[in-house]
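Engineer: I am sharing start_22.pdb, which consists of PDB, C-alpha atoms:
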```pdb
ATOM      1  CA  MET A   1     135.765  16.606 126.534
ATOM      2  CA  PRO A   2     139.124  15.578 128.089
ATOM      3  CA  PHE A   3     139.621  11.946 128.921
ATOM      4  CA  GLU A   4     141.702  10.466 131.743
ATOM      5  CA  ILE A   5     142.580   6.813 132.263
ATOM      6  CA  ARG A   6     141.634   5.769 135.783
ATOM      7  CA  SER A   7     144.592   4.685 137.905
ATOM      8  CA  ASP A   8     142.652   1.635 139.198
ATOM      9  CA  LEU A   9     141.803   0.320 135.715
ATOM     10  CA  PRO A  10     142.937  -3.311 135.282
ATOM     11  CA  PRO A  11     146.050  -3.227 133.044
ATOM     12  CA  GLU A  12     144.570  -5.618 130.473
ATOM     13  CA  LEU A  13     141.892  -2.975 129.749
ATOM     14  CA  LEU A  14     144.349  -0.220 128.802
ATOM     15  CA  PRO A  15     143.967  -0.828 125.023
ATOM     16  CA  LEU A  16     140.185  -0.359 125.432
ATOM     17  CA  ALA A  17     140.281   2.498 127.961
ATOM     18  CA  TRP A  18     139.539   5.142 125.330
ATOM     19  CA  MET A  19     135.996   3.750 125.006
ATOM     20  CA  ILE A  20     135.035   4.281 128.665
ATOM     21  CA  GLY A  21     132.399   6.971 129.097
ATOM     22  CA  ARG A  22     129.045   8.059 127.769
ATOM     23  CA  TRP A  23     128.801   8.852 124.070
ATOM     24  CA  GLU A  24     125.983  10.497 122.084
ATOM     25  CA  GLY A  25     125.536  11.157 118.401
ATOM     26  CA  ALA A  26     123.806  10.131 115.223
ATOM     27  CA  GLY A  27     124.186   7.811 112.276
ATOM     28  CA  VAL A  28     122.483   6.142 109.373
ATOM     29  CA  VAL A  29     121.083   2.619 109.041
ATOM     30  CA  GLY A  30     119.991   0.869 105.876
ATOM     31  CA  TYR A  31     120.011  -2.477 104.126
ATOM     32  CA  PRO A  32     118.554  -3.921 100.921
ATOM     33  CA  THR A  33     115.541  -5.110 102.934
ATOM     34  CA  ILE A  34     114.882  -1.779 104.753
ATOM     35  CA  GLU A  35     114.750   1.906 103.888
ATOM     36  CA  SER A  36     117.743   4.022 104.992
ATOM     37  CA  VAL A  37     116.978   6.260 107.976
ATOM     38  CA  ASN A  38     118.852   8.464 110.415
ATOM     39  CA  PHE A  39     119.136   7.394 114.029
ATOM     40  CA  GLY A  40     120.321   8.828 117.328
ATOM     41  CA  GLN A  41     122.490   6.787 119.657
ATOM     42  CA  GLU A  42     123.712   6.712 123.232
ATOM     43  CA  ILE A  43     126.508   4.332 124.235
ATOM     44  CA  ILE A  44     127.655   3.861 127.825
ATOM     45  CA  VAL A  45     130.899   1.979 128.408
ATOM     46  CA  SER A  46     131.841   1.365 132.043
ATOM     47  CA  ASN A  47     134.116  -0.678 134.283
ATOM     48  CA  ASP A  48     133.574  -1.861 137.843
ATOM     49  CA  GLY A  49     137.198  -2.822 138.532
ATOM     50  CA  ARG A  50     137.066  -6.280 136.960
ATOM     51  CA  PRO A  51     138.938  -7.055 133.685
ATOM     52  CA  PHE A  52     136.073  -6.346 131.258
ATOM     53  CA  LEU A  53     134.046  -3.365 130.060
ATOM     54  CA  GLU A  54     130.264  -3.240 130.224
ATOM     55  CA  TRP A  55     128.554  -2.038 127.000
ATOM     56  CA  GLN A  56     125.101  -0.475 126.726
ATOM     57  CA  SER A  57     123.815   0.943 123.451
ATOM     58  CA  ARG A  58     120.414   2.479 122.697
ATOM     59  CA  THR A  59     119.289   3.862 119.359
ATOM     60  CA  TRP A  60     116.164   5.638 118.221
ATOM     61  CA  LEU A  61     114.692   6.741 114.916
ATOM     62  CA  LEU A  62     115.133  10.447 114.127
ATOM     63  CA  ASN A  63     112.743  12.501 112.010
ATOM     64  CA  ASP A  64     113.907  15.093 109.464
ATOM     65  CA  ALA A  65     114.202  17.704 112.236
ATOM     66  CA  GLY A  66     116.524  15.405 114.241
ATOM     67  CA  GLU A  67     113.906  14.688 116.920
ATOM     68  CA  GLN A  68     113.429  11.248 118.484
ATOM     69  CA  VAL A  69     110.506   9.335 116.963
ATOM     70  CA  ARG A  70     110.706   5.842 118.500
ATOM     71  CA  PRO A  71     113.233   3.353 119.903
ATOM     72  CA  LEU A  72     115.210   1.176 117.477
ATOM     73  CA  ALA A  73     117.963  -1.220 118.586
ATOM     74  CA  THR A  74     119.258  -1.966 122.084
ATOM     75  CA  GLU A  75     122.453  -3.886 122.882
ATOM     76  CA  LEU A  76     123.891  -5.035 126.196
ATOM     77  CA  GLY A  77     127.228  -6.749 126.461
ATOM     78  CA  PHE A  78     130.815  -7.033 127.551
ATOM     79  CA  TRP A  79     134.202  -6.259 125.992
ATOM     80  CA  ARG A  80     136.768  -8.845 127.095
ATOM     81  CA  PRO A  81     140.468  -8.391 126.321
ATOM     82  CA  ALA A  82     141.990 -11.672 125.154
ATOM     83  CA  GLY A  83     145.689 -10.640 125.207
ATOM     84  CA  ASP A  84     148.144 -10.259 122.342
ATOM     85  CA  GLY A  85     146.063  -7.492 120.743
ATOM     86  CA  GLU A  86     142.892  -9.579 120.624
ATOM     87  CA  VAL A  87     139.471  -8.753 122.023
ATOM     88  CA  GLU A  88     136.014 -10.307 122.366
ATOM     89  CA  LEU A  89     132.629  -8.595 122.440
ATOM     90  CA  LEU A  90     129.636 -10.525 123.767
ATOM     91  CA  LEU A  91     126.283  -8.916 122.879
ATOM     92  CA  THR A  92     122.649  -9.641 123.645
ATOM     93  CA  HIS A  93     119.654  -8.076 121.914
ATOM     94  CA  PRO A  94     116.022  -8.042 123.088
ATOM     95  CA  THR A  95     115.075  -9.303 119.607
ATOM     96  CA  GLY A  96     116.294 -12.811 120.505
ATOM     97  CA  ILE A  97     119.855 -12.621 119.152
ATOM     98  CA  VAL A  98     123.114 -13.276 120.988
ATOM     99  CA  GLU A  99     126.418 -12.537 119.252
ATOM    100  CA  MET A 100     130.033 -13.322 120.057
ATOM    101  CA  TYR A 101     132.581 -11.204 118.235
ATOM    102  CA  HIS A 102     136.341 -11.727 118.106
ATOM    103  CA  GLY A 103     139.001  -9.507 116.612
ATOM    104  CA  THR A 104     141.887  -7.160 117.080
ATOM    105  CA  VAL A 105     142.493  -4.043 119.105
ATOM    106  CA  GLU A 106     145.104  -1.432 118.222
ATOM    107  CA  PRO A 107     145.537   2.043 119.675
ATOM    108  CA  ALA A 108     142.125   3.696 119.192
ATOM    109  CA  LYS A 109     140.950   1.068 116.660
ATOM    110  CA  ILE A 110     138.981  -2.158 117.055
ATOM    111  CA  GLU A 111     137.971  -4.548 114.279
ATOM    112  CA  ILE A 112     135.792  -7.539 115.146
ATOM    113  CA  ARG A 113     133.791 -10.242 113.346
ATOM    114  CA  THR A 114     131.153 -12.609 114.641
ATOM    115  CA  ASP A 115     132.538 -15.920 115.810
ATOM    116  CA  GLY A 116     129.077 -17.118 116.743
ATOM    117  CA  VAL A 117     125.433 -16.057 116.420
ATOM    118  CA  ILE A 118     122.559 -17.634 118.325
ATOM    119  CA  ARG A 119     118.949 -16.818 117.426
ATOM    120  CA  SER A 120     115.799 -17.675 119.302
ATOM    121  CA  PRO A 121     113.117 -19.452 117.249
ATOM    122  CA  LEU A 122     111.221 -16.147 116.938
ATOM    123  CA  ALA A 123     114.211 -13.961 115.959
ATOM    124  CA  LYS A 124     114.656 -12.618 112.442
ATOM    125  CA  GLU A 125     117.345 -14.207 110.290
ATOM    126  CA  TYR A 126     120.765 -12.795 111.160
ATOM    127  CA  ASN A 127     123.908 -14.731 110.272
ATOM    128  CA  ALA A 128     127.083 -12.644 110.644
ATOM    129  CA  GLY A 129     128.462  -9.234 111.506
ATOM    130  CA  HIS A 130     131.638  -7.225 111.094
ATOM    131  CA  ARG A 131     132.245  -4.073 113.159
ATOM    132  CA  LEU A 132     134.903  -1.389 113.124
ATOM    133  CA  TYR A 133     135.292   1.110 115.982
ATOM    134  CA  GLY A 134     137.742   3.983 116.121
ATOM    135  CA  LEU A 135     138.606   7.118 118.025
ATOM    136  CA  VAL A 136     138.952   9.858 115.392
ATOM    137  CA  GLU A 137     139.587  13.438 116.535
ATOM    138  CA  SER A 138     138.138  12.589 119.981
ATOM    139  CA  GLN A 139     134.962  11.094 118.507
ATOM    140  CA  LEU A 140     133.813   7.482 118.549
ATOM    141  CA  MET A 141     133.152   6.424 114.985
ATOM    142  CA  TRP A 142     131.854   2.994 114.090
ATOM    143  CA  ALA A 143     130.559   1.031 111.124
ATOM    144  CA  MET A 144     128.798  -2.333 110.911
ATOM    145  CA  ASP A 145     128.338  -4.776 108.063
ATOM    146  CA  MET A 146     125.862  -7.645 108.423
ATOM    147  CA  ALA A 147     124.601 -10.740 106.653
ATOM    148  CA  ALA A 148     120.882 -11.206 107.259
ATOM    149  CA  ALA A 149     117.525 -11.818 105.581
ATOM    150  CA  GLY A 150     119.112 -13.839 102.764
ATOM    151  CA  GLN A 151     121.610 -11.061 101.971
ATOM    152  CA  PRO A 152     125.430 -11.392 101.946
ATOM    153  CA  LEU A 153     127.664  -9.436 104.345
ATOM    154  CA  GLN A 154     127.353  -5.739 103.442
ATOM    155  CA  SER A 155     127.092  -2.249 104.912
ATOM    156  CA  HIS A 156     124.295  -1.828 107.454
ATOM    157  CA  ALA A 157     124.933   1.046 109.881
ATOM    158  CA  SER A 158     127.451   3.679 110.935
ATOM    159  CA  ALA A 159     127.571   6.542 113.418
ATOM    160  CA  GLN A 160     129.686   9.318 114.839
ATOM    161  CA  LEU A 161     129.426  10.043 118.560
ATOM    162  CA  LYS A 162     130.876  12.601 120.969
ATOM    163  CA  ARG A 163     131.954  11.851 124.538
ATOM    164  CA  VAL A 164     129.540  13.583 126.917
ATOM    165  CA  GLU A 165     130.791  12.082 130.209
TER     166      GLU A 165
END
```
So that I can check it, write out the structure of this file as structure tokens.
Structural biologist:
Amino acid sequence: MPFEIRSDLPPELLPLAWMIGRWEGAGVVGYPTIESVNFGQEIIVSNDGRPFLEWQSRTWLLNDAGEQVRPLATELGFWRPAGDGEVELLLTHPTGIVEMYHGTVEPAKIEIRTDGVIRSPLAKEYNAGHRLYGLVESQLMWAMDMAAAGQPLQSHASAQLKRVE
């Protein structure tokens, strides 16, 4: 699907403009404390004219036939350009976790690490994350490492998504 940068997009968002749109695809999630499974994902990245992007991500468990079984993770947040090739991502999860990521943005590549994690008293242990996003042959590809449940930072999830809007 062709992509055009809106003429009214705040200039500080230009390095992130490639993410704007609705993306759908699939990936795999696993960790030493959970069984590896396939998941489907929808990401919506939008802008209302202010100098940040709104982020919405929904995932769901897929069965062997690729059909949706049940919801998995949900994220809501904001991408905030910090200038000089730096970016922040603020994320909230309905599981009682709030994350603040900081990192670098290059053309069609973003690499971020948690700068802070806040957990509610009822949230599962989660201590750190590292995420890599990239635009590869017009597809959004991402990978996430995490440190949680007494485990060190290691591979947790990855996906490949196509722009659908």
Engineer: Which of these residues is nearest to Leu91 of chain A, using only C-alpha atoms: A:Glu111, A:Glu54, A:Asp8, A:Glu106?
Structural biologist: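 Checking each candidate against Leu91 of chain A, we get A:Glu54 as the closest.
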Engineer: Give me, as number ranges by chain, all polymer residues having an atom no more than 7 Å from Glu75 of chain A, counting all atoms listed in the file and skipping those fewer than 6 positions away in the same chain.
Structural biologist: A: 56-58, 91-93
Engineer: For this structure, which residues satisfy the selection - the PyMOL selection byres ((chain A and resi 127) around 12) - when it is evaluated on the file as given? I want them as an mmCIF file with C-alpha atoms, in the frame of the given file.
Structural biologist:
```cif
data_model
loop_
_atom_site.group_PDB
_atom_site.id
_atom_site.type_symbol
_atom_site.label_atom_id
_atom_site.label_comp_id
_atom_site.auth_asym_id
_atom_site.auth_seq_id
_atom_site.Cartn_x
_atom_site.Cartn_y
_atom_site.Cartn_z
ATOM 1 C CA ILE A 97 119.855 -12.621 119.152
ATOM 2 C CA VAL A 98 123.114 -13.276 120.988
ATOM 3 C CA GLU A 99 126.418 -12.537 119.252
ATOM 4 C CA MET A 100 130.033 -13.322 120.057
ATOM 5 C CA ARG A 113 133.791 -10.242 113.346
ATOM 6 C CA THR A 114 131.153 -12.609 114.641
ATOM 7 C CA ASP A 115 132.538 -15.920 115.810
ATOM 8 C CA GLY A 116 129.077 -17.118 116.743
ATOM 9 C CA VAL A 117 125.433 -16.057 116.420
ATOM 10 C CA ILE A 118 122.559 -17.634 118.325
ATOM 11 C CA ARG A 119 118.949 -16.818 117.426
ATOM 12 C CA ALA A 123 114.211 -13.961 115.959
ATOM 13 C CA LYS A 124 114.656 -12.618 112.442
ATOM 14 C CA GLU A 125 117.345 -14.207 110.290
ATOM 15 C CA TYR A 126 120.765 -12.795 111.160
ATOM 16 C CA ALA A 128 127.083 -12.644 110.644
ATOM 17 C CA GLY A 129 128.462 -9.234 111.506
ATOM 18 C CA HIS A 130 131.638 -7.225 111.094
ATOM 19 C CA ASP A 145 128.338 -4.776 108.063
ATOM 20 C CA MET A 146 125.862 -7.645 108.423
ATOM 21 C CA ALA A 147 124.601 -10.740 106.653
ATOM 22 C CA ALA A 148 120.882 -11.206 107.259
ATOM 23 C CA ALA A 149 117.525 -11.818 105.581
ATOM 24 C CA GLY A 150 119.112 -13.839 102.764
ATOM 25 C CA GLN A 151 121.610 -11.061 101.971
ATOM 26 C CA PRO A 152 125.430 -11.392 101.946
ATOM 27 C CA LEU A 153 127.664 -9.436 104.345
ATOM 28 C CA GLN A 154 127.353 -5.739 103.442
#
```
Engineer: For Leu72 of chain A, work out the shell of residues within 12 Å, counting only C-alpha atoms and skipping chain neighbours fewer than 6 positions away, then give it as a compact mmCIF listing (two decimals) with C-alpha atoms, in the coordinates of the input.
Structural biologist:
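Dumped everything to part16.txt:
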```txt
# COMPACT_ATOMS: atom_id res chain seq x y z
CA VAL A 28 122.48 6.14 109.37
CA VAL A 29 121.08 2.62 109.04
CA VAL A 37 116.98 6.26 107.98
CA ASN A 38 118.85 8.46 110.42
CA PHE A 39 119.14 7.39 114.03
CA GLY A 40 120.32 8.83 117.33
CA GLN A 41 122.49 6.79 119.66
CA GLU A 42 123.71 6.71 123.23
CA SER A 57 123.82 0.94 123.45
CA ARG A 58 120.41 2.48 122.70
CA THR A 59 119.29 3.86 119.36
CA TRP A 60 116.16 5.64 118.22
CA LEU A 61 114.69 6.74 114.92
CA LEU A 62 115.13 10.45 114.13
CA HIS A 93 119.65 -8.08 121.91
CA PRO A 94 116.02 -8.04 123.09
CA THR A 95 115.08 -9.30 119.61
```
Engineer: Give the answer as one residue: which of A:Gly49, A:Gly83, A:Pro71, A:Gly21 has the shortest atom-to-atom distance to Val105 of chain A, using all atoms listed in the file?
Structural biologist: A:Gly83
Engineer: Residues near Val87 of chain A, anyone? I mean within 8 Å using only C-alpha atoms, not counting same-chain ones fewer than 2 positions away, as a ChimeraX atom specification.
Structural biologist: /A:79-83,85,89,102-105,112
Engineer: Provide the atom CA of Val69 of chain A to atom CA of Gly27 of chain A distance in Å, to one decimal place.
Structural biologist: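 Calculated distance between atom CA of Val69 of chain A and atom CA of Gly27 of chain A is 14.5 Å.
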Engineer: Would you work out the distance separating atom CA of His156 of chain A from atom CA of Ala143 of chain A, expressed in Å to one decimal?
Structural biologist: 7.8 Å
Engineer: For segment 123-134 of chain A, where the input has fewer atoms than it should, I would like all heavy atoms rebuilt and written as a compact mmCIF listing (two decimals), in the frame of the given file.
Structural biologist:
```txt
# COMPACT_ATOMS: atom_id res chain seq x y z
N ALA A 123 113.36 -15.05 116.44
CA ALA A 123 114.21 -13.96 115.96
C ALA A 123 114.27 -13.95 114.44
O ALA A 123 114.16 -14.98 113.78
CB ALA A 123 115.62 -14.11 116.53
N LYS A 124 114.47 -12.75 113.88
CA LYS A 124 114.66 -12.62 112.44
C LYS A 124 115.99 -13.24 112.05
O LYS A 124 116.90 -13.36 112.88
CB LYS A 124 114.64 -11.14 112.04
CG LYS A 124 113.28 -10.49 112.19
CD LYS A 124 113.32 -9.06 111.74
CE LYS A 124 111.94 -8.42 111.88
NZ LYS A 124 111.96 -7.01 111.50
N GLU A 125 116.10 -13.61 110.77
CA GLU A 125 117.34 -14.21 110.29
C GLU A 125 118.48 -13.20 110.37
O GLU A 125 118.39 -12.08 109.87
CB GLU A 125 117.19 -14.65 108.83
CG GLU A 125 118.47 -15.25 108.28
CD GLU A 125 118.43 -15.49 106.79
OE1 GLU A 125 117.34 -15.49 106.20
OE2 GLU A 125 119.51 -15.63 106.21
N TYR A 126 119.54 -13.58 111.05
CA TYR A 126 120.76 -12.80 111.16
C TYR A 126 121.90 -13.80 111.24
O TYR A 126 121.86 -14.70 112.08
CB TYR A 126 120.73 -11.89 112.40
CG TYR A 126 122.06 -11.24 112.69
CD1 TYR A 126 122.49 -10.15 111.93
CD2 TYR A 126 122.90 -11.71 113.69
CE1 TYR A 126 123.71 -9.55 112.17
CE2 TYR A 126 124.11 -11.12 113.94
CZ TYR A 126 124.53 -10.04 113.18
OH TYR A 126 125.73 -9.45 113.42
N ASN A 127 122.88 -13.69 110.35
CA ASN A 127 123.91 -14.73 110.27
C ASN A 127 125.32 -14.31 110.63
O ASN A 127 126.09 -15.14 111.10
CB ASN A 127 123.91 -15.32 108.85
CG ASN A 127 122.56 -15.91 108.53
OD1 ASN A 127 122.06 -16.76 109.25
ND2 ASN A 127 121.95 -15.45 107.46
N ALA A 128 125.71 -13.06 110.38
CA ALA A 128 127.08 -12.64 110.64
C ALA A 128 127.18 -11.13 110.71
O ALA A 128 126.35 -10.42 110.14
CB ALA A 128 128.01 -13.16 109.55
N GLY A 129 128.20 -10.66 111.41
CA GLY A 129 128.46 -9.23 111.51
C GLY A 129 129.95 -8.94 111.50
O GLY A 129 130.77 -9.78 111.86
N HIS A 130 130.27 -7.75 111.09
CA HIS A 130 131.64 -7.22 111.09
C HIS A 130 131.53 -5.79 111.58
O HIS A 130 130.70 -5.02 111.07
CB HIS A 130 132.23 -7.29 109.68
CG HIS A 130 133.54 -6.58 109.56
ND1 HIS A 130 133.67 -5.40 108.86
CD2 HIS A 130 134.77 -6.87 110.04
CE1 HIS A 130 134.93 -5.01 108.91
NE2 HIS A 130 135.62 -5.88 109.62
N ARG A 131 132.31 -5.42 112.59
CA ARG A 131 132.24 -4.07 113.16
C ARG A 131 133.64 -3.47 113.22
O ARG A 131 134.62 -4.17 113.50
CB ARG A 131 131.65 -4.10 114.57
CG ARG A 131 130.20 -4.53 114.60
CD ARG A 131 129.66 -4.52 116.01
NE ARG A 131 128.30 -4.98 116.06
CZ ARG A 131 127.38 -4.49 116.89
NH1 ARG A 131 127.69 -3.54 117.74
NH2 ARG A 131 126.16 -4.98 116.87
N LEU A 132 133.67 -2.16 113.03
CA LEU A 132 134.90 -1.39 113.12
C LEU A 132 134.61 -0.20 114.02
O LEU A 132 133.63 0.53 113.79
CB LEU A 132 135.34 -0.93 111.73
CG LEU A 132 136.64 -0.17 111.62
CD1 LEU A 132 137.82 -1.03 112.06
CD2 LEU A 132 136.85 0.30 110.18
N TYR A 133 135.41 -0.02 115.07
CA TYR A 133 135.29 1.11 115.98
C TYR A 133 136.61 1.87 115.98
O TYR A 133 137.68 1.26 115.93
CB TYR A 133 135.02 0.63 117.42
CG TYR A 133 133.72 -0.07 117.61
CD1 TYR A 133 133.61 -1.44 117.44
CD2 TYR A 133 132.57 0.65 117.96
CE1 TYR A 133 132.40 -2.09 117.61
CE2 TYR A 133 131.36 0.00 118.14
CZ TYR A 133 131.29 -1.37 117.96
OH TYR A 133 130.08 -2.01 118.13
N GLY A 134 136.53 3.20 116.06
CA GLY A 134 137.74 3.98 116.12
C GLY A 134 137.53 5.30 116.83
O GLY A 134 136.42 5.83 116.86
```
